[in-house]
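Data from protein19.tsv: TSV, C-alpha atoms
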```tsv
chain	number	residue	atom	x	y	z
A	1	MET	CA	33.90	-9.35	0.86
A	2	GLY	CA	33.94	-12.16	3.42
A	3	ARG	CA	30.94	-13.95	4.79
A	4	LYS	CA	31.37	-12.43	8.25
A	5	SER	CA	31.64	-8.93	6.80
A	6	LEU	CA	28.45	-9.41	4.80
A	7	GLN	CA	26.63	-10.76	7.84
A	8	ALA	CA	27.73	-7.73	9.85
A	9	ILE	CA	26.51	-5.30	7.20
A	10	LEU	CA	23.14	-7.00	6.81
A	11	ALA	CA	22.67	-7.47	10.53
A	12	GLY	CA	23.47	-3.84	11.17
A	13	SER	CA	21.07	-2.73	8.47
A	14	ILE	CA	18.29	-4.89	9.86
A	15	LEU	CA	18.93	-3.55	13.38
A	16	LEU	CA	18.71	0.01	12.09
A	17	ALA	CA	15.54	-0.86	10.22
A	18	SER	CA	13.96	-2.32	13.33
A	19	SER	CA	14.61	0.89	15.30
A	20	THR	CA	13.64	3.45	12.66
A	21	PHE	CA	11.28	1.76	10.20
A	22	ILE	CA	7.98	3.12	11.52
A	23	PHE	CA	5.69	1.96	8.77
A	24	ALA	CA	4.89	-1.55	7.58
A	25	HIS	CA	5.46	-2.80	4.07
A	26	GLY	CA	2.53	-5.17	4.37
A	27	ASP	CA	-0.01	-2.54	3.35
A	28	VAL	CA	1.55	-2.23	-0.10
A	29	LYS	CA	0.24	-4.72	-2.62
A	30	PRO	CA	3.04	-6.51	-4.52
A	31	GLN	CA	2.95	-5.88	-8.25
A	32	ALA	CA	3.14	-8.79	-10.70
A	33	VAL	CA	6.33	-9.07	-12.76
A	34	ASP	CA	6.13	-10.06	-16.43
A	35	THR	CA	8.96	-12.55	-16.94
A	36	THR	CA	8.24	-13.26	-20.60
A	37	GLY	CA	11.48	-13.96	-22.42
A	38	LEU	CA	13.25	-15.65	-19.52
A	39	PRO	CA	13.85	-19.40	-19.26
A	40	GLU	CA	11.48	-20.88	-16.70
A	41	THR	CA	13.15	-22.05	-13.51
A	42	GLY	CA	10.56	-24.64	-12.50
A	43	GLU	CA	8.69	-25.22	-9.24
A	44	GLU	CA	11.57	-26.37	-7.03
A	45	TRP	CA	13.45	-23.36	-5.65
A	46	LEU	CA	17.04	-23.05	-6.72
A	47	ILE	CA	19.91	-22.04	-4.44
A	48	GLU	CA	21.91	-20.19	-7.10
A	49	ASN	CA	20.97	-17.49	-9.58
A	50	PRO	CA	20.38	-19.23	-12.94
A	51	TYR	CA	20.36	-16.00	-14.98
A	52	ARG	CA	24.01	-15.00	-14.65
A	53	ALA	CA	25.82	-14.53	-17.94
A	54	GLU	CA	28.29	-17.33	-17.26
A	55	THR	CA	25.38	-19.73	-16.74
A	56	ALA	CA	22.62	-18.57	-19.08
A	57	GLY	CA	24.49	-16.46	-21.63
A	58	GLU	CA	24.64	-12.69	-22.13
A	59	GLU	CA	21.26	-12.41	-23.86
A	60	VAL	CA	19.36	-14.04	-20.99
A	61	TRP	CA	21.45	-12.09	-18.47
A	62	ALA	CA	20.59	-8.78	-20.17
A	63	LYS	CA	16.90	-9.71	-20.31
A	64	ALA	CA	16.95	-10.65	-16.63
A	65	ILE	CA	18.39	-7.24	-15.75
A	66	GLU	CA	15.69	-5.49	-17.80
A	67	ILE	CA	12.88	-7.48	-16.17
A	68	GLY	CA	14.52	-7.34	-12.76
A	69	ALA	CA	14.78	-3.55	-12.91
A	70	SER	CA	11.04	-3.29	-13.48
A	71	GLY	CA	10.25	-5.81	-10.75
A	72	TYR	CA	12.58	-4.14	-8.27
A	73	ASN	CA	11.27	-0.64	-8.91
A	74	GLN	CA	7.66	-1.80	-8.49
A	75	ASN	CA	8.17	-3.89	-5.38
A	76	CYS	CA	11.46	-3.16	-3.63
A	77	ALA	CA	12.65	0.42	-4.24
A	78	ARG	CA	10.27	1.89	-1.66
A	79	CYS	CA	12.28	0.30	1.15
A	80	HIS	CA	15.63	-0.65	-0.38
A	81	GLY	CA	16.11	2.56	-2.38
A	82	LEU	CA	16.28	3.63	-6.02
A	83	GLU	CA	19.07	1.87	-7.89
A	84	VAL	CA	19.33	-0.33	-4.75
A	85	VAL	CA	21.09	2.47	-2.84
A	86	SER	CA	19.60	2.04	0.64
A	87	GLY	CA	18.85	5.05	2.77
A	88	GLY	CA	19.41	2.98	5.90
A	89	LEU	CA	15.86	1.77	6.54
A	90	ALA	CA	16.53	-1.63	4.99
A	91	PRO	CA	19.61	-3.71	4.12
A	92	ASP	CA	21.75	-2.38	1.29
A	93	LEU	CA	21.38	-5.32	-1.08
A	94	ARG	CA	24.24	-4.19	-3.32
A	95	PHE	CA	26.62	-5.78	-0.80
A	96	LEU	CA	24.93	-9.19	-1.01
A	97	GLU	CA	27.57	-11.49	-2.48
A	98	ALA	CA	26.94	-12.64	-6.05
A	99	GLU	CA	27.53	-16.28	-5.22
A	100	GLU	CA	25.77	-19.21	-3.57
A	101	TYR	CA	25.82	-17.88	0.00
A	102	GLY	CA	24.32	-14.54	-1.05
A	103	ASP	CA	21.79	-16.33	-3.24
A	104	GLU	CA	20.62	-18.51	-0.36
A	105	TRP	CA	20.11	-15.52	1.94
A	106	TYR	CA	18.29	-13.61	-0.78
A	107	ALA	CA	16.01	-16.52	-1.77
A	108	GLU	CA	15.05	-17.24	1.82
A	109	ARG	CA	14.16	-13.63	2.58
A	110	TYR	CA	12.31	-13.23	-0.75
A	111	ARG	CA	10.27	-16.37	-0.15
A	112	THR	CA	9.39	-15.91	3.53
A	113	GLY	CA	9.63	-12.15	4.06
A	114	TYR	CA	10.53	-10.52	7.34
A	115	THR	CA	8.27	-9.92	10.33
A	116	GLN	CA	9.20	-8.27	13.61
A	117	ASN	CA	6.96	-8.11	16.70
A	118	GLY	CA	3.96	-8.98	14.57
A	119	THR	CA	4.66	-6.22	12.03
A	120	THR	CA	5.46	-7.11	8.43
A	121	LYS	CA	8.60	-5.27	7.44
A	122	MET	CA	8.84	-7.18	4.17
A	123	PRO	CA	6.10	-9.38	2.66
A	124	ALA	CA	6.75	-12.91	1.46
A	125	PHE	CA	7.07	-12.57	-2.32
A	126	GLY	CA	7.68	-16.23	-3.13
A	127	GLU	CA	4.13	-17.33	-3.95
A	128	LEU	CA	3.02	-13.88	-5.08
A	129	LEU	CA	5.68	-13.15	-7.71
A	130	GLY	CA	7.30	-16.53	-8.32
A	131	GLN	CA	10.82	-17.79	-8.77
A	132	ASP	CA	11.55	-16.39	-12.24
A	133	ALA	CA	10.86	-12.87	-10.99
A	134	ALA	CA	12.99	-13.55	-7.91
A	135	TRP	CA	16.12	-14.33	-9.89
A	136	ALA	CA	15.53	-11.53	-12.39
A	137	ILE	CA	15.38	-9.05	-9.51
A	138	ARG	CA	18.45	-10.68	-7.99
A	139	THR	CA	20.34	-10.24	-11.27
A	140	TYR	CA	19.43	-6.57	-11.40
A	141	ILE	CA	20.49	-6.05	-7.77
A	142	GLU	CA	23.87	-7.73	-8.03
A	143	THR	CA	24.88	-5.83	-11.18
A	144	ARG	CA	24.36	-2.35	-9.71
A	145	PRO	CA	27.52	-0.28	-10.16
A	146	ASP	CA	29.52	1.14	-7.29
A	147	ASP	CA	28.07	4.63	-6.87
A	148	VAL	CA	31.43	6.06	-5.74
A	149	ALA	CA	33.07	4.79	-8.92
A	150	MET	CA	30.24	6.31	-10.94
A	151	GLU	CA	30.79	9.70	-9.32
A	152	GLU	CA	34.47	9.58	-10.30
A	153	VAL	CA	33.67	9.23	-14.01
A	154	ALA	CA	30.50	11.36	-14.07
A	155	ASP	CA	32.17	14.44	-15.56
A	156	GLU	CA	33.72	12.50	-18.44
A	157	LEU	CA	30.46	10.69	-19.10
A	158	LYS	CA	28.64	14.03	-19.25
A	159	ALA	CA	31.18	15.27	-21.81
A	160	LEU	CA	30.70	12.11	-23.87
A	161	ARG	CA	26.95	12.53	-23.56
A	162	ASP	CA	27.20	16.04	-25.00
A	163	GLN	CA	29.36	14.72	-27.83
A	164	LEU	CA	26.86	11.97	-28.60
A	165	GLN	CA	24.01	14.48	-28.63
A	166	ALA	CA	25.89	16.54	-31.22
A	167	TYR	CA	26.51	13.47	-33.38
A	168	ALA	CA	22.80	12.64	-33.23
A	169	SER	CA	22.27	15.76	-35.35
A	170	ASP	CA	25.47	15.68	-37.41
A	171	THR	CA	27.68	12.59	-37.71
A	172	SER	CA	30.47	14.34	-39.60
A	173	GLY	CA	33.73	13.82	-37.76
A	174	ALA	CA	32.27	11.11	-35.56
A	175	ASP	CA	34.40	8.09	-34.75
A	176	PRO	CA	31.98	5.50	-33.38
A	177	ASP	CA	34.68	2.92	-32.74
A	178	ALA	CA	36.70	5.36	-30.63
A	179	ILE	CA	33.69	6.50	-28.61
A	180	LYS	CA	32.52	2.95	-28.07
A	181	ALA	CA	36.02	1.89	-27.01
A	182	ARG	CA	36.26	4.71	-24.47
A	183	LEU	CA	32.85	3.91	-23.00
A	184	ASP	CA	33.86	0.25	-22.77
A	185	GLU	CA	37.07	1.27	-21.03
A	186	ILE	CA	35.18	3.39	-18.51
A	187	ALA	CA	32.66	0.59	-17.96
A	188	SER	CA	35.42	-1.95	-17.30
A	189	GLY	CA	36.71	0.21	-14.47
A	190	ILE	CA	33.36	0.37	-12.69
A	191	GLU	CA	32.92	-2.52	-10.29
A	192	THR	CA	29.93	-3.93	-8.45
A	193	LEU	CA	29.71	-4.08	-4.66
A	194	SER	CA	28.44	-7.66	-4.86
A	195	GLY	CA	31.49	-9.03	-6.61
A	196	ALA	CA	29.54	-9.72	-9.82
A	197	PRO	CA	32.01	-9.54	-12.72
A	198	VAL	CA	30.15	-6.93	-14.79
A	199	ALA	CA	28.44	-3.76	-13.58
A	200	ASP	CA	25.36	-2.75	-15.51
A	201	SER	CA	26.47	0.88	-15.58
A	202	VAL	CA	25.24	3.58	-17.95
A	203	ALA	CA	28.65	3.50	-19.63
A	204	PHE	CA	28.19	-0.22	-20.28
A	205	ARG	CA	24.68	0.30	-21.65
A	206	ALA	CA	25.60	3.30	-23.83
A	207	ALA	CA	28.54	1.47	-25.38
A	208	LYS	CA	26.26	-1.38	-26.44
A	209	LEU	CA	24.00	1.03	-28.35
A	210	ILE	CA	26.54	2.78	-30.57
A	211	ASP	CA	26.60	1.61	-34.20
A	212	GLY	CA	27.45	4.84	-36.00
A	213	THR	CA	23.90	5.90	-36.82
A	214	PRO	CA	22.29	9.15	-35.60
A	215	ALA	CA	19.53	7.20	-33.88
A	216	ALA	CA	22.08	5.14	-31.96
A	217	TYR	CA	23.98	8.24	-30.89
A	218	LYS	CA	20.73	9.72	-29.60
A	219	SER	CA	19.80	6.55	-27.73
A	220	ALA	CA	23.26	6.38	-26.15
A	221	ALA	CA	23.09	10.06	-25.16
A	222	ASP	CA	19.63	9.58	-23.64
A	223	THR	CA	20.87	6.53	-21.73
A	224	LEU	CA	23.71	8.56	-20.24
A	225	THR	CA	21.40	11.47	-19.41
A	226	ILE	CA	18.90	9.29	-17.57
A	227	GLY	CA	21.56	7.24	-15.83
A	228	LEU	CA	23.60	10.19	-14.68
A	229	SER	CA	20.48	11.94	-13.40
A	230	ALA	CA	19.65	8.87	-11.30
A	231	THR	CA	23.06	9.00	-9.61
A	232	GLN	CA	22.73	12.63	-8.49
```

Using the file provided, produce a representation of the structure as structure tokens.
Amino acid sequence: MGRKSLQAILAGSILLASSTFIFAHGDVKPQAVDTTGLPETGEEWLIENPYRAETAGEEVWAKAIEIGASGYNQNCARCHGLEVVSGGLAPDLRFLEAEEYGDEWYAERYRTGYTQNGTTKMPAFGELLGQDAAWAIRTYIETRPDDVAMEEVADELKALRDQLQAYASDTSGADPDAIKARLDEIASGIETLSGAPVADSVAFRAAKLIDGTPAAYKSAADTLTIGLSATQ
């Protein structure tokens, strides 16, 4: 997605928000985000996300998504939507490019907030939550899967979920390598709207859990159940 296209999407979303967003965000107290386990980013604000897998490694990237999900749901979902799927009252952040330009826009808005005609539409989170939380939330946002792509594979994922639930009780006949490979294949076909290389989809998460044990099958099945419910 080009820079002009992104600007048009965000500008349009902000215009819609200004005409329909009848309540202020300022009356909601921001909730602290526990960033334990993430490398500290320091006091000087960065202009690029330091927690991407290609920069920080997959372990830090995965931890950032976990922490970012919690931070987003506590502080951002009310306006920007569950799973970052906007209902039109605020910009759909899934389209924010996962590169330096998108990072700069995100960091500026996160730090300074957004006020219109004296009404706080978005509080300034910079000093309240800090930089580590900012980039963890950014990592979660940019790895959200394309919801249309998720709908296209939902039926197969439900069938795999049912299979995994059965294997949680009886592993006879189970082929963990084959199931894991299929989930990985599905996950590889689900893209992000931000251009981030990997979508943190339920297929991706479930595949990571499977190790051939009943407990792992159950965890993978539960992951698919929760994730598929969230996309309905």

Which residue, A:Thr225, A:Ser70, A:Asn117, A:Ser201, has the smallest gap to Ala134 of chain A when you use all atoms listed in the file?
A:Ser70

Do you have the atom CA of Val84 of chain A-atom CA of Val198 of chain A distance handy?
16.2 Å

If you measure from atom CA of Glu54 of chain A to atom CA of Thr139 of chain A, what distance in Å do you get, rounded to one decimal?
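According to the coordinates, atom CA of Glu54 of chain A and atom CA of Thr139 of chain A are separated by 12.2 Å.
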
Return as lines of an AutoDock Vina configuration file the box centre and box size in Å, one decimal, for an axis-aligned box around all listed atoms of segment 40-47 of chain A padded by 4 Å per side.
```
center_x = 14.3
center_y = -23.6
center_z = -10.6
size_x = 19.2
size_y = 13.5
size_z = 20.3
```

Across A:Leu183, A:Trp105, A:Glu83, A:Trp61, the smallest distance to Ala159 of chain A, with all atoms listed in the file counted, is shown by A:Leu183

Pick from A:Gly126, A:Pro91, A:Gly118, A:Gly113: nearest to Glu43 of chain A, with only C-alpha atoms counted?
A:Gly126

Please determine the residues with any atom at most 10 Å from (22.3, 9.7, -30.1) (coordinates as given in the file, with all atoms listed in the file counting) and report them as a PyMOL selection string.
chain A and resi 161-171+206+209-210+212-223

Writing out the chosen residues with C-alpha atoms as a PDB file, in the frame of the given file:
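This went into out.pdb:
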```
ATOM      1  CA  ARG A 161      26.950  12.530 -23.560  1.00  0.00           C
ATOM      2  CA  ASP A 162      27.200  16.040 -25.000  1.00  0.00           C
ATOM      3  CA  GLN A 163      29.360  14.720 -27.830  1.00  0.00           C
ATOM      4  CA  LEU A 164      26.860  11.970 -28.600  1.00  0.00           C
ATOM      5  CA  GLN A 165      24.010  14.480 -28.630  1.00  0.00           C
ATOM      6  CA  ALA A 166      25.890  16.540 -31.220  1.00  0.00           C
ATOM      7  CA  TYR A 167      26.510  13.470 -33.380  1.00  0.00           C
ATOM      8  CA  ALA A 168      22.800  12.640 -33.230  1.00  0.00           C
ATOM      9  CA  SER A 169      22.270  15.760 -35.350  1.00  0.00           C
ATOM     10  CA  ASP A 170      25.470  15.680 -37.410  1.00  0.00           C
ATOM     11  CA  THR A 171      27.680  12.590 -37.710  1.00  0.00           C
ATOM     12  CA  ALA A 206      25.600   3.300 -23.830  1.00  0.00           C
ATOM     13  CA  LEU A 209      24.000   1.030 -28.350  1.00  0.00           C
ATOM     14  CA  ILE A 210      26.540   2.780 -30.570  1.00  0.00           C
ATOM     15  CA  GLY A 212      27.450   4.840 -36.000  1.00  0.00           C
ATOM     16  CA  THR A 213      23.900   5.900 -36.820  1.00  0.00           C
ATOM     17  CA  PRO A 214      22.290   9.150 -35.600  1.00  0.00           C
ATOM     18  CA  ALA A 215      19.530   7.200 -33.880  1.00  0.00           C
ATOM     19  CA  ALA A 216      22.080   5.140 -31.960  1.00  0.00           C
ATOM     20  CA  TYR A 217      23.980   8.240 -30.890  1.00  0.00           C
ATOM     21  CA  LYS A 218      20.730   9.720 -29.600  1.00  0.00           C
ATOM     22  CA  SER A 219      19.800   6.550 -27.730  1.00  0.00           C
ATOM     23  CA  ALA A 220      23.260   6.380 -26.150  1.00  0.00           C
ATOM     24  CA  ALA A 221      23.090  10.060 -25.160  1.00  0.00           C
ATOM     25  CA  ASP A 222      19.630   9.580 -23.640  1.00  0.00           C
ATOM     26  CA  THR A 223      20.870   6.530 -21.730  1.00  0.00           C
TER      27      THR A 223
END
```

To one decimal place in Å, what is the distance between atom CA of Ala196 of chain A and atom CA of Ala136 of chain A?
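Calculated distance between atom CA of Ala196 of chain A and atom CA of Ala136 of chain A is 14.4 Å.
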
Please provide the set of residues having any atom within 12 Å of Val148 of chain A, restricted to only C-alpha atoms, with same-chain residues fewer than 5 positions apart removed, written as a count of residues only.
10

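Distances to Ala199 of chain A were evaluated for A:Ile137, A:Ile67, A:Ala32, A:Met150 using only C-alpha atoms, and the minimum falls at A:Met150.
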
Anything within 12 Å of (21.1, -9.9, -8.5): list those residues as number ranges by chain, counting all atoms listed in the file and sticking to the file's coordinates.
A: 48-53, 61-62, 64-69, 71-72, 83-84, 93-100, 102-107, 133-145, 192-200

Looking at only C-alpha atoms, which of A:Lys63, A:Lys29, A:Arg182, A:Arg111 is the one that sits closest to Gly130 of chain A?
A:Arg111

Excluding same-chain residues fewer than 6 positions from Ile186 of chain A, what lies within 10 Å of it counting all atoms listed in the file, as a list in words?
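That gives Ala149, Met150, Val153, Glu156, Leu157, Lys180, Ser201, Val202, Ala203, Phe204 and Ala207 of chain A.
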